[in-house]
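File shown here: coords03.txt, holding compact mmCIF, C-alpha atoms and all ligand atoms.
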```
# COMPACT_ATOMS: atom_id res chain seq x y z
CA MET A 899 -14.01 212.23 -4.24
CA LYS A 900 -13.96 215.97 -3.51
CA LEU A 901 -15.58 215.33 -0.15
CA ILE A 902 -12.96 212.75 0.77
CA LEU A 903 -10.20 215.19 -0.17
CA CYS A 904 -11.83 217.95 1.92
CA LEU A 905 -12.15 215.63 4.92
CA PHE A 906 -8.53 214.56 4.52
CA LEU A 907 -7.34 218.18 4.41
CA LEU A 908 -9.51 219.07 7.40
CA GLY A 909 -7.98 216.13 9.26
CA MET A 910 -4.48 217.42 8.45
CA VAL A 911 -5.37 220.89 9.69
CA LEU A 912 -6.87 219.51 12.93
CA ALA A 913 -3.86 217.28 13.50
CA ARG A 914 -1.49 220.22 13.20
CA ALA A 915 -3.61 222.76 14.99
CA GLU A 916 -2.40 224.20 18.26
CA PRO A 917 -4.28 222.71 21.22
CA ARG A 918 -7.27 224.72 22.45
CA PRO A 919 -6.36 227.30 25.08
CA VAL A 920 -6.29 225.83 28.57
CA ASN A 921 -9.54 226.31 30.46
CA TYR A 922 -9.68 226.85 34.22
CA ASP A 923 -13.28 227.94 34.39
CA GLU A 924 -16.11 225.53 35.32
CA ALA A 925 -18.40 227.66 33.16
CA GLY A 926 -16.18 227.00 30.15
CA ILE A 927 -16.48 223.20 30.34
CA PRO A 928 -18.19 221.79 27.25
CA ALA A 929 -21.44 219.88 27.71
CA TYR A 930 -20.61 216.19 27.82
CA THR A 931 -22.12 212.78 28.44
CA LEU A 932 -20.01 210.14 30.11
CA PRO A 933 -20.07 206.57 28.83
CA ASP A 934 -21.88 204.36 31.33
CA PRO A 935 -19.45 201.82 32.79
CA LEU A 936 -22.35 199.39 33.16
CA VAL A 937 -23.55 199.51 29.57
CA CYS A 938 -21.72 197.27 27.07
CA SER A 939 -20.75 198.36 23.56
CA ASP A 940 -23.68 196.32 22.20
CA GLY A 941 -26.07 198.36 24.35
CA THR A 942 -26.81 195.64 26.89
CA ARG A 943 -26.82 196.52 30.60
CA VAL A 944 -24.49 194.81 33.04
CA ALA A 945 -26.90 193.23 35.47
CA ASP A 946 -24.54 191.24 37.67
CA VAL A 947 -20.96 190.67 38.72
CA ALA A 948 -20.51 187.82 36.24
CA ALA A 949 -21.44 190.06 33.29
CA TRP A 950 -19.02 192.71 34.54
CA GLN A 951 -16.19 190.26 34.93
CA THR A 952 -16.62 188.24 31.78
CA LYS A 953 -17.94 190.86 29.38
CA ARG A 954 -17.80 194.52 30.32
CA ARG A 955 -14.52 194.62 32.24
CA PRO A 956 -12.56 192.89 29.43
CA GLU A 957 -14.27 195.19 26.93
CA ILE A 958 -13.24 198.38 28.79
CA LEU A 959 -9.73 197.05 29.34
CA LYS A 960 -9.40 196.33 25.64
CA LEU A 961 -10.57 199.82 24.70
CA PHE A 962 -7.98 201.39 27.00
CA GLN A 963 -5.33 199.07 25.57
CA HIS A 964 -6.04 199.76 21.94
CA GLU A 965 -6.98 203.43 22.08
CA MET A 966 -4.87 204.90 24.86
CA GLN A 967 -2.36 202.93 26.90
CA GLY A 968 -1.28 200.42 24.28
CA VAL A 969 -0.96 196.69 24.73
CA SER A 970 1.76 195.60 27.15
CA PRO A 971 3.56 192.28 27.05
CA GLY A 972 3.28 189.83 29.92
CA ARG A 973 5.98 188.55 32.24
CA PRO A 974 9.05 187.64 30.18
CA ALA A 975 10.16 184.02 30.41
CA GLU A 976 13.70 185.21 31.12
CA LEU A 977 12.83 187.28 34.20
CA LYS A 978 15.68 186.88 36.69
CA TRP A 979 16.72 188.74 39.79
CA GLU A 980 19.38 188.84 42.42
CA THR A 981 19.62 190.50 45.82
CA VAL A 982 22.77 192.54 45.52
CA ASN A 983 22.94 193.76 49.11
CA CYS A 984 21.08 193.62 52.36
CA ASP A 985 21.39 195.71 55.53
CA LYS A 986 19.36 194.61 58.54
CA SER A 987 19.74 197.89 60.38
CA ALA A 988 18.73 200.53 57.88
CA LEU A 989 16.77 203.69 58.75
CA GLY A 990 18.17 203.73 62.28
CA GLY A 991 17.27 200.07 62.84
CA LEU A 992 13.63 200.46 61.77
CA ALA A 993 14.06 198.56 58.53
CA THR A 994 15.92 195.97 56.54
CA ARG A 995 17.09 197.42 53.26
CA LYS A 996 17.53 195.18 50.27
CA GLU A 997 18.55 196.11 46.77
CA ILE A 998 17.44 193.69 44.12
CA THR A 999 18.51 193.84 40.47
CA VAL A 1000 16.05 192.46 37.94
CA TRP A 1001 16.84 191.49 34.34
CA PHE A 1002 14.34 190.88 31.58
CA GLY A 1003 16.52 189.13 29.00
CA ALA A 1004 18.41 185.85 28.84
CA GLU A 1005 21.89 185.89 30.43
CA LYS A 1006 20.88 188.98 32.42
CA SER A 1007 20.80 191.13 29.30
CA GLY A 1008 18.77 194.26 28.60
CA PRO A 1009 18.16 197.29 30.81
CA PRO A 1010 18.26 196.22 34.46
CA MET A 1011 15.62 197.35 36.97
CA HIS A 1012 16.83 198.15 40.48
CA ILE A 1013 14.37 197.61 43.30
CA LEU A 1014 14.95 199.33 46.60
CA LEU A 1015 13.04 197.40 49.28
CA TYR A 1016 12.60 198.40 52.90
CA THR A 1017 10.82 195.95 55.18
CA PRO A 1018 9.84 196.86 58.77
CA ASN A 1019 11.98 195.08 61.38
CA ALA A 1020 9.34 195.30 64.09
CA VAL A 1021 6.85 193.24 62.06
CA LYS A 1022 7.42 189.54 62.50
CA GLN A 1023 4.95 188.28 59.91
CA PRO A 1024 5.13 189.19 56.18
CA ALA A 1025 4.28 192.87 55.79
CA PRO A 1026 1.92 194.51 53.30
CA VAL A 1027 3.87 196.58 50.80
CA PHE A 1028 3.60 199.90 48.94
CA VAL A 1029 5.01 199.58 45.40
CA SER A 1030 5.84 202.66 43.36
CA VAL A 1031 7.94 204.09 40.56
CA ASN A 1032 9.99 207.10 41.65
CA PHE A 1033 11.00 209.92 39.33
CA ASP A 1034 14.70 210.50 39.76
CA GLY A 1035 16.35 207.52 41.39
CA ASN A 1036 16.01 205.21 44.39
CA HIS A 1037 18.58 207.31 46.23
CA THR A 1038 16.25 210.31 46.12
CA VAL A 1039 13.55 208.73 48.30
CA ASN A 1040 15.67 208.80 51.47
CA ALA A 1041 19.00 210.23 52.58
CA ASP A 1042 20.03 206.69 53.63
CA PRO A 1043 23.69 206.60 52.49
CA GLY A 1044 23.43 202.86 51.82
CA ILE A 1045 21.18 203.30 48.78
CA THR A 1046 23.12 202.73 45.57
CA ILE A 1047 23.08 205.60 43.10
CA THR A 1048 22.58 203.96 39.71
CA GLU A 1049 23.21 205.42 36.28
CA GLN A 1050 20.30 206.69 34.22
CA TRP A 1051 19.78 208.08 30.75
CA ALA A 1052 18.59 211.66 30.83
CA LEU A 1053 18.28 214.68 28.58
CA ASP A 1054 20.76 217.40 29.35
CA LYS A 1055 18.70 220.51 30.07
CA LYS A 1056 21.07 222.84 28.22
CA THR A 1057 22.24 220.86 25.22
CA LYS A 1058 19.07 218.73 24.87
CA GLN A 1059 21.41 215.81 24.20
CA GLU A 1060 20.82 212.55 25.99
CA LYS A 1061 23.53 211.10 28.15
CA LEU A 1062 24.09 208.35 30.64
CA THR A 1063 24.71 209.97 34.00
CA ARG A 1064 25.26 209.02 37.60
CA PRO A 1065 23.28 211.54 39.64
CA ASP A 1066 25.23 213.68 42.08
CA GLU A 1067 25.63 212.66 45.74
CA LYS A 1068 23.84 215.92 46.58
CA THR A 1069 20.62 214.46 45.21
CA ARG A 1070 20.39 211.81 47.93
CA GLY A 1071 17.10 212.21 49.74
CA GLN A 1072 15.95 215.08 47.52
CA SER A 1073 12.39 213.66 47.38
CA VAL A 1074 12.27 212.47 50.98
CA GLY A 1075 9.12 214.47 51.72
CA ARG A 1076 7.21 212.42 49.17
CA TRP A 1077 8.10 209.06 50.66
CA GLU A 1078 7.91 209.02 54.45
CA ALA A 1079 9.83 205.73 54.58
CA GLU A 1080 10.29 205.86 58.36
CA LYS A 1081 6.60 206.45 58.95
CA ILE A 1082 5.67 203.65 56.54
CA MET A 1083 7.96 201.28 58.51
CA ALA A 1084 6.58 202.44 61.85
CA ARG A 1085 3.09 201.68 60.60
CA GLY A 1086 4.07 198.12 59.69
CA TYR A 1087 4.36 198.36 55.91
CA ALA A 1088 7.17 197.58 53.51
CA LEU A 1089 8.13 199.95 50.70
CA ALA A 1090 9.43 198.91 47.28
CA THR A 1091 10.45 201.46 44.69
CA ILE A 1092 12.09 201.59 41.27
CA GLN A 1093 13.31 204.51 39.21
CA ARG A 1094 11.47 205.44 36.03
CA ALA A 1095 14.57 205.62 33.82
CA ASP A 1096 15.33 201.93 34.45
CA LEU A 1097 12.10 201.11 32.63
CA GLU A 1098 12.07 204.08 30.30
CA PRO A 1099 13.89 207.41 30.44
CA ASP A 1100 11.16 210.04 30.21
CA TYR A 1101 11.63 211.80 26.86
CA PRO A 1102 10.34 210.98 23.38
CA GLU A 1103 13.36 208.92 22.29
CA GLY A 1104 13.95 207.46 25.75
CA TRP A 1105 12.39 204.15 24.76
CA ARG A 1106 15.61 203.25 22.95
CA HIS A 1107 17.26 202.79 26.35
CA GLY A 1108 14.31 201.19 28.11
CA ILE A 1109 12.32 198.02 28.18
CA ARG A 1110 10.16 198.97 25.19
CA GLY A 1111 13.19 199.31 22.93
CA PHE A 1112 14.74 196.14 24.28
CA LEU A 1113 11.64 194.03 23.69
CA LEU A 1114 10.96 195.65 20.29
CA GLU A 1115 14.42 194.71 19.08
CA LYS A 1116 14.07 191.22 20.52
CA ALA A 1117 10.89 190.80 18.50
CA GLY A 1118 12.86 191.83 15.39
CA GLN A 1119 10.84 195.03 14.89
CA LYS A 1120 11.83 198.62 14.33
CA GLU A 1121 8.58 200.47 14.89
CA PHE A 1122 5.78 200.36 17.39
CA ALA A 1123 2.31 199.33 16.25
CA PRO A 1124 -0.38 202.05 16.65
CA ASP A 1125 -1.67 200.18 19.71
CA ALA A 1126 1.68 199.24 21.22
CA TRP A 1127 2.46 200.36 24.76
CA GLY A 1128 3.92 203.74 25.63
CA ALA A 1129 6.04 204.94 28.53
CA ILE A 1130 3.10 204.93 30.99
CA GLY A 1131 2.57 201.29 29.96
CA ALA A 1132 6.25 200.55 30.50
CA TRP A 1133 6.25 202.05 34.01
CA ALA A 1134 3.06 200.17 34.86
CA TRP A 1135 4.63 196.97 33.54
CA GLY A 1136 7.63 197.52 35.80
CA LEU A 1137 5.30 197.72 38.80
CA SER A 1138 3.91 194.29 37.91
CA ARG A 1139 7.40 192.88 37.44
CA ALA A 1140 8.37 194.27 40.86
CA LEU A 1141 5.36 192.43 42.26
CA ASP A 1142 6.57 189.21 40.59
CA VAL A 1143 9.76 189.58 42.59
CA LEU A 1144 8.04 190.62 45.82
CA GLU A 1145 5.92 187.46 45.68
CA THR A 1146 9.09 185.56 46.51
CA GLU A 1147 10.23 187.82 49.37
CA PRO A 1148 9.62 186.16 52.74
CA ALA A 1149 9.35 189.50 54.61
CA VAL A 1150 6.61 190.75 52.24
CA ASP A 1151 2.97 189.75 51.94
CA ALA A 1152 2.51 190.32 48.21
CA ARG A 1153 -1.20 189.53 48.49
CA ARG A 1154 -1.47 192.84 50.32
CA ALA A 1155 0.39 194.99 47.78
CA VAL A 1156 -0.61 198.63 47.32
CA VAL A 1157 0.31 200.20 44.01
CA ILE A 1158 0.78 203.95 44.41
CA GLY A 1159 2.07 206.78 42.27
CA HIS A 1160 2.19 210.53 42.00
CA SER A 1161 1.22 212.46 38.89
CA ARG A 1162 2.57 210.66 35.78
CA MET A 1163 3.40 207.76 38.09
CA GLY A 1164 -0.17 208.00 39.38
CA LYS A 1165 -1.30 207.43 35.80
CA ALA A 1166 1.05 204.42 35.71
CA ALA A 1167 -0.17 203.14 39.11
CA LEU A 1168 -3.80 203.29 37.98
CA TRP A 1169 -2.98 201.47 34.77
CA ALA A 1170 -0.96 198.83 36.65
CA GLY A 1171 -3.77 198.36 39.15
CA ALA A 1172 -6.38 198.20 36.39
CA GLN A 1173 -4.55 195.45 34.52
CA ASP A 1174 -2.95 193.47 37.32
CA GLU A 1175 -5.53 192.24 39.78
CA ARG A 1176 -2.83 191.02 42.15
CA PHE A 1177 -2.57 194.60 43.43
CA ALA A 1178 -4.91 194.61 46.42
CA LEU A 1179 -5.25 198.40 46.61
CA VAL A 1180 -4.57 201.22 44.16
CA ILE A 1181 -3.67 204.83 44.98
CA SER A 1182 -3.60 207.71 42.52
CA ASN A 1183 -1.98 210.86 43.88
CA ASP A 1184 -2.69 213.93 41.73
CA SER A 1185 -2.64 211.83 38.54
CA GLY A 1186 -4.71 214.30 36.49
CA GLU A 1187 -5.11 214.04 32.73
CA GLY A 1188 -4.61 210.50 31.48
CA GLY A 1189 -4.97 209.36 35.09
CA ALA A 1190 -8.00 209.89 37.28
CA ALA A 1191 -9.27 213.17 35.76
CA LEU A 1192 -12.19 213.05 33.34
CA ALA A 1193 -10.94 213.92 29.85
CA ARG A 1194 -14.28 215.30 28.66
CA ARG A 1195 -14.18 218.18 31.13
CA CYS A 1196 -11.22 219.67 29.24
CA PHE A 1197 -10.24 221.50 32.41
CA GLY A 1198 -6.51 222.19 32.88
CA GLU A 1199 -4.41 219.75 30.87
CA THR A 1200 -6.18 218.17 27.87
CA THR A 1201 -5.57 215.21 25.56
CA ALA A 1202 -4.11 217.56 22.95
CA VAL A 1203 -1.66 219.09 25.40
CA ILE A 1204 -0.55 215.77 26.86
CA ASN A 1205 -0.11 214.24 23.40
CA ARG A 1206 1.91 217.21 22.25
CA ASN A 1207 4.14 217.51 25.34
CA PHE A 1208 4.52 213.81 26.05
CA PRO A 1209 4.08 211.99 22.72
CA HIS A 1210 5.77 208.91 24.15
CA TRP A 1211 3.38 208.32 27.08
CA PHE A 1212 0.42 206.76 25.29
CA CYS A 1213 -0.01 204.72 22.11
CA ALA A 1214 -0.13 206.30 18.66
CA ASN A 1215 -3.88 205.64 18.42
CA PHE A 1216 -4.47 208.04 21.31
CA LYS A 1217 -3.29 210.99 19.17
CA LYS A 1218 -6.56 210.99 17.28
CA TYR A 1219 -8.37 212.11 20.43
CA SER A 1220 -6.39 215.37 20.73
CA ASP A 1221 -9.09 218.02 21.21
CA GLN A 1222 -11.62 215.31 20.27
CA GLU A 1223 -12.53 214.13 23.77
CA ALA A 1224 -16.20 213.58 22.91
CA THR A 1225 -15.18 210.77 20.55
CA LEU A 1226 -13.27 208.78 23.18
CA PRO A 1227 -14.91 205.36 23.61
CA PHE A 1228 -14.39 205.65 27.38
CA ASP A 1229 -13.53 208.22 30.01
CA GLN A 1230 -11.21 208.01 32.97
CA HIS A 1231 -13.90 206.99 35.48
CA GLU A 1232 -13.82 203.68 33.64
CA LEU A 1233 -10.10 203.33 34.25
CA VAL A 1234 -10.84 203.80 37.96
CA ALA A 1235 -13.73 201.30 37.65
CA LEU A 1236 -11.36 198.60 36.37
CA VAL A 1237 -9.97 198.43 39.90
CA ALA A 1238 -13.35 197.29 41.32
CA PRO A 1239 -14.12 195.59 43.62
CA ARG A 1240 -10.69 196.26 45.14
CA PRO A 1241 -10.29 199.49 47.10
CA VAL A 1242 -9.01 202.53 45.26
CA TYR A 1243 -8.00 205.99 46.51
CA VAL A 1244 -8.00 209.10 44.35
CA ALA A 1245 -6.36 212.20 45.81
CA SER A 1246 -6.20 215.77 44.58
CA ALA A 1247 -4.56 219.00 45.70
CA GLU A 1248 -6.44 222.27 45.79
CA GLU A 1249 -3.86 224.31 43.89
CA ASP A 1250 -3.22 221.56 41.35
CA ARG A 1251 -5.68 222.92 38.82
CA TRP A 1252 -3.64 221.54 35.91
CA ALA A 1253 -4.72 218.06 37.10
CA ASP A 1254 -8.38 219.11 37.49
CA PRO A 1255 -9.20 218.14 41.11
CA HIS A 1256 -12.94 218.32 40.47
CA GLY A 1257 -12.55 216.05 37.42
CA GLU A 1258 -10.63 213.56 39.59
CA PHE A 1259 -13.47 213.55 42.12
CA LEU A 1260 -16.07 213.11 39.38
CA ALA A 1261 -14.19 210.13 37.94
CA ALA A 1262 -14.24 208.48 41.37
CA LEU A 1263 -17.94 209.29 41.75
CA ASN A 1264 -18.89 207.99 38.31
CA ALA A 1265 -16.94 204.77 38.88
CA GLU A 1266 -19.01 204.03 41.98
CA PRO A 1267 -21.82 202.03 40.29
CA VAL A 1268 -19.33 199.26 39.62
CA TRP A 1269 -18.54 198.88 43.34
CA LYS A 1270 -22.26 198.98 44.04
CA LEU A 1271 -22.71 196.09 41.60
CA PHE A 1272 -20.40 194.08 43.86
CA GLY A 1273 -22.46 195.12 46.88
CA ARG A 1274 -19.60 197.30 48.13
CA PRO A 1275 -19.93 200.87 49.25
CA GLY A 1276 -18.16 203.32 46.98
CA LEU A 1277 -17.52 206.94 47.79
CA GLY A 1278 -20.61 207.38 49.87
CA VAL A 1279 -20.97 211.09 49.00
CA LYS A 1280 -22.32 212.85 45.95
CA GLU A 1281 -20.83 216.29 46.54
CA TRP A 1282 -17.23 217.24 46.04
CA PRO A 1283 -15.97 217.51 49.62
CA ALA A 1284 -14.33 220.59 51.09
CA VAL A 1285 -10.55 220.65 51.35
CA ASN A 1286 -8.92 218.36 53.91
CA GLN A 1287 -12.14 216.39 54.36
CA PRO A 1288 -11.33 212.82 53.30
CA VAL A 1289 -14.38 210.82 52.26
CA GLY A 1290 -15.16 207.36 51.03
CA ALA A 1291 -15.43 203.73 51.94
CA THR A 1292 -14.16 201.45 49.18
CA ILE A 1293 -13.32 204.44 47.01
CA GLY A 1294 -11.36 206.99 49.02
CA TYR A 1295 -11.00 210.62 48.02
CA HIS A 1296 -9.56 213.81 49.42
CA MET A 1297 -8.44 217.17 48.20
CA ARG A 1298 -5.81 218.62 50.46
CA THR A 1299 -4.73 222.21 50.57
CA GLY A 1300 -1.56 223.06 48.69
CA LYS A 1301 0.24 222.19 45.52
CA HIS A 1302 0.83 219.26 43.18
CA ASP A 1303 2.91 217.01 45.47
CA VAL A 1304 2.81 214.08 47.88
CA THR A 1305 2.80 215.24 51.48
CA ALA A 1306 2.65 213.84 55.01
CA TYR A 1307 -1.08 214.59 54.95
CA ASP A 1308 -1.55 212.40 51.86
CA TRP A 1309 0.42 209.53 53.43
CA GLU A 1310 -1.61 209.79 56.63
CA GLN A 1311 -4.79 209.19 54.61
CA TYR A 1312 -3.28 206.38 52.53
CA LEU A 1313 -1.95 204.55 55.58
CA GLY A 1314 -5.33 204.84 57.32
CA PHE A 1315 -7.14 203.61 54.20
CA ALA A 1316 -4.70 200.71 53.79
CA ASP A 1317 -5.01 199.79 57.51
CA LYS A 1318 -8.76 199.62 57.09
CA HIS A 1319 -8.72 197.52 53.93
CA LEU A 1320 -5.66 195.37 54.43
CA GLY A 1321 -6.38 194.57 58.04
CA VAL A 1322 -3.33 196.14 59.62
CA LYS A 1323 -3.84 196.66 63.35
CA LYS A 1324 -2.45 199.79 64.91
C1 LIG B 1 3.18 217.50 33.76
C2 LIG B 1 2.14 216.79 32.96
C3 LIG B 1 1.18 216.00 33.83
C4 LIG B 1 1.93 215.13 34.79
C5 LIG B 1 2.93 215.95 35.56
C6 LIG B 1 3.83 215.15 36.50
O1 LIG B 1 2.60 218.56 34.47
O2 LIG B 1 1.48 217.72 32.16
O3 LIG B 1 0.31 215.21 33.04
O4 LIG B 1 1.04 214.46 35.65
O5 LIG B 1 3.78 216.62 34.66
O6 LIG B 1 4.08 213.98 36.27
O7 LIG B 1 4.33 215.74 37.46
```

For the file at hand, write its structure as structure tokens.
Ligand code: GCU
Amino acid sequence: MKLILCLFLLGMVLARAEPRPVNYDEAGIPAYTLPDPLVCSDGTRVADVAAWQTKRRPEILKLFQHEMQGVSPGRPAELKWETVNCDKSALGGLATRKEITVWFGAEKSGPPMHILLYTPNAVKQPAPVFVSVNFDGNHTVNADPGITITEQWALDKKTKQEKLTRPDEKTRGQSVGRWEAEKIMARGYALATIQRADLEPDYPEGWRHGIRGFLLEKAGQKEFAPDAWGAIGAWAWGLSRALDVLETEPAVDARRAVVIGHSRMGKAALWAGAQDERFALVISNDSGEGGAALARRCFGETTAVINRNFPHWFCANFKKYSDQEATLPFDQHELVALVAPRPVYVASAEEDRWADPHGEFLAALNAEPVWKLFGRPGLGVKEWPAVNQPVGATIGYHMRTGKHDVTAYDWEQYLGFADKHLGVKK
């Protein structure tokens, strides 16, 4: 009895303890052993593709669902959408711009999701498409005055109160450098994007205004189960729902859809690509902790820090791994491995130490055996490459110079990788 009490008290202390200090020193990384993606929980080895697909892949997926990302619902029966406007001469004539509103409840109820879709005018057949969640609004991805500025729930920086706001006109195109819409069109791809707040405003109570709150209430519940989805799950779910819509767009070839995201949206893109095998290619840009970076390295951001700062991102079960990385039943290389045998690209930035560039590379490297099982080449290198030296065949990787961001250099690599794998001729 005494022992149980002691363990309980120790648990309380650990749960309340401040996260370990952040480590940026390779020498300070704890010794760790990664789970083998090709060894099942019962100790048996995955010997062929069939065993991976019917046994090990579902097992890993389930572990991520129940211990980290939470379980997401499927496509709602009430999914409906409507093209609200269309301009055939957007981006100086390069593209057709469509805005599509999507509803998830009967009679178009619930929080609507607004898709901004550009398709390249020069391409006569259905175009492959990049699908992504943007941070601050569709109008921020390009200065195109025809993009509708939609309202979003946000926390006021000063008062810390939430309010429904329509972003200022001045914010049009504020993230243009991260999107390269004109270049994407010129290279023969379509681009579809949605804003994060449509799915879930990004603060702990934001779920009340997003899809998680809507579906929770519809199910007659008030609280999330310990393995129910979090915000990352909600954003990933939105990517799949966007793909549902894109499958019906004549100008888009949804069988060649690339799911891509930066940072927290890179975490969401990986999770969407892991779950939804309709995504033909998956790109993680600087996704870091909870994305492509190995948790066990405890370099830069850690599970404890992410759980403390973003308690709404992952399921409640994930909290027990704060500063307890060694007890995780998986590591992030297995999230990457869930994409196999489809191509995946993991990118880092040299100065983005918070996201642990080396840990991102090692996740890609340690996922490689799964591609090999399919007879596909993986990364093709064992050593972490020098900056601005992209590597890889079916698993792409680069670390560019500079900060945590998406740049023209990153897009150049992604477009080349997509050309190679999706058969786009230059
Ligand atoms: C924070 C957070 C990261 C996240 C990043 C982002 O830095 O700690 O986990 O990736 O924000 O989304 O930009």

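Compared by their closest atoms to Ala1149 in chain A, and using only C-alpha atoms, the residues A:His964, A:Lys1068, A:Lys1301, A:Arg995 rank with A:Arg995 nearest.
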
- Task: Name the residues in contact with range 1239-1250 of chain A at a cut-off of 6 Å, using all atoms listed in the file, excluding same-chain residues fewer than 5 positions from it; report them as JSON, numbers by chain.
- Result: {"A": [1179, 1180, 1181, 1182, 1183, 1184, 1255, 1269, 1292, 1293, 1294, 1295, 1296, 1297, 1298, 1299, 1300, 1301, 1302]}

- Message: With distances taken over all atoms listed in the file, which residue among A:Glu965, A:Glu1310, A:Glu1199, A:Glu1223 lies nearest ligand LIG 1 (chain B)?
- Response: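 The answer is A:Glu1199, which sits nearest to ligand LIG 1 (chain B).
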
- Taking only C-alpha atoms into account, which of A:Gln1023, A:Asn1215, A:Gln1093, A:Asn1036 comes nearest Met966 in chain A?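 With only C-alpha atoms as the atom set, the closest residue is A:Asn1215.
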
Using only C-alpha atoms and all ligand atoms, find each residue of chain A with at least one atom at most 9 Å away from an atom of ligand LIG 1 (chain B); report its shortest atom-to-atom pair and that distance in Å (one decimal), sort the rows by chain and rising residue number, and return the result as JSON lines.
```
{"residue": "A:Phe1033", "atom": "CA", "partner": "B:LIG1", "partner_atom": "O6", "distance": 8.6}
{"residue": "A:His1160", "atom": "CA", "partner": "B:LIG1", "partner_atom": "O6", "distance": 7.0}
{"residue": "A:Ser1161", "atom": "CA", "partner": "B:LIG1", "partner_atom": "O4", "distance": 3.8}
{"residue": "A:Arg1162", "atom": "CA", "partner": "B:LIG1", "partner_atom": "O6", "distance": 3.7}
{"residue": "A:Met1163", "atom": "CA", "partner": "B:LIG1", "partner_atom": "O6", "distance": 6.5}
{"residue": "A:Gly1164", "atom": "CA", "partner": "B:LIG1", "partner_atom": "O4", "distance": 7.6}
{"residue": "A:Lys1165", "atom": "CA", "partner": "B:LIG1", "partner_atom": "O4", "distance": 7.4}
{"residue": "A:Asp1184", "atom": "CA", "partner": "B:LIG1", "partner_atom": "O4", "distance": 7.2}
{"residue": "A:Ser1185", "atom": "CA", "partner": "B:LIG1", "partner_atom": "O4", "distance": 5.4}
{"residue": "A:Gly1186", "atom": "CA", "partner": "B:LIG1", "partner_atom": "O4", "distance": 5.8}
{"residue": "A:Glu1187", "atom": "CA", "partner": "B:LIG1", "partner_atom": "O3", "distance": 5.6}
{"residue": "A:Gly1188", "atom": "CA", "partner": "B:LIG1", "partner_atom": "O3", "distance": 7.0}
{"residue": "A:Gly1189", "atom": "CA", "partner": "B:LIG1", "partner_atom": "O4", "distance": 7.9}
{"residue": "A:Glu1199", "atom": "CA", "partner": "B:LIG1", "partner_atom": "O2", "distance": 6.4}
{"residue": "A:Thr1200", "atom": "CA", "partner": "B:LIG1", "partner_atom": "O2", "distance": 8.8}
{"residue": "A:Val1203", "atom": "CA", "partner": "B:LIG1", "partner_atom": "O2", "distance": 7.6}
{"residue": "A:Ile1204", "atom": "CA", "partner": "B:LIG1", "partner_atom": "O2", "distance": 6.0}
{"residue": "A:Asn1207", "atom": "CA", "partner": "B:LIG1", "partner_atom": "O2", "distance": 7.3}
{"residue": "A:Phe1208", "atom": "CA", "partner": "B:LIG1", "partner_atom": "O2", "distance": 7.9}
{"residue": "A:Trp1252", "atom": "CA", "partner": "B:LIG1", "partner_atom": "O1", "distance": 7.1}
{"residue": "A:Ala1253", "atom": "CA", "partner": "B:LIG1", "partner_atom": "O4", "distance": 6.9}
{"residue": "A:His1302", "atom": "CA", "partner": "B:LIG1", "partner_atom": "O7", "distance": 7.6}
{"residue": "A:Asp1303", "atom": "CA", "partner": "B:LIG1", "partner_atom": "O7", "distance": 8.2}
```

Save the residues we just selected, C-alpha atoms, as a PDB file, in the frame of the given file?
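Okay, part_18.pdb is ready:
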```pdb
ATOM      1  CA  PHE A1033      11.000 209.920  39.330  1.00  0.00           C
ATOM      2  CA  HIS A1160       2.190 210.530  42.000  1.00  0.00           C
ATOM      3  CA  SER A1161       1.220 212.460  38.890  1.00  0.00           C
ATOM      4  CA  ARG A1162       2.570 210.660  35.780  1.00  0.00           C
ATOM      5  CA  MET A1163       3.400 207.760  38.090  1.00  0.00           C
ATOM      6  CA  GLY A1164      -0.170 208.000  39.380  1.00  0.00           C
ATOM      7  CA  LYS A1165      -1.300 207.430  35.800  1.00  0.00           C
ATOM      8  CA  ASP A1184      -2.690 213.930  41.730  1.00  0.00           C
ATOM      9  CA  SER A1185      -2.640 211.830  38.540  1.00  0.00           C
ATOM     10  CA  GLY A1186      -4.710 214.300  36.490  1.00  0.00           C
ATOM     11  CA  GLU A1187      -5.110 214.040  32.730  1.00  0.00           C
ATOM     12  CA  GLY A1188      -4.610 210.500  31.480  1.00  0.00           C
ATOM     13  CA  GLY A1189      -4.970 209.360  35.090  1.00  0.00           C
ATOM     14  CA  GLU A1199      -4.410 219.750  30.870  1.00  0.00           C
ATOM     15  CA  THR A1200      -6.180 218.170  27.870  1.00  0.00           C
ATOM     16  CA  VAL A1203      -1.660 219.090  25.400  1.00  0.00           C
ATOM     17  CA  ILE A1204      -0.550 215.770  26.860  1.00  0.00           C
ATOM     18  CA  ASN A1207       4.140 217.510  25.340  1.00  0.00           C
ATOM     19  CA  PHE A1208       4.520 213.810  26.050  1.00  0.00           C
ATOM     20  CA  TRP A1252      -3.640 221.540  35.910  1.00  0.00           C
ATOM     21  CA  ALA A1253      -4.720 218.060  37.100  1.00  0.00           C
ATOM     22  CA  HIS A1302       0.830 219.260  43.180  1.00  0.00           C
ATOM     23  CA  ASP A1303       2.910 217.010  45.470  1.00  0.00           C
TER      24      ASP A1303
END
```

- Task: Do a neighbour search on range 1270-1279 of chain A at 12 Å with only C-alpha atoms, toss out local chain neighbours closer than 4 positions, and write the hits as a PyMOL selection string.
- Result: chain A and resi 935-936+943-951+1234-1235+1237-1244+1259-1266+1283-1284+1287-1296

- Using only C-alpha atoms: which of A:Pro1102, A:Pro919, A:Pro971, A:Pro933 has the shortest distance to Ala1126 in chain A: A:Pro971
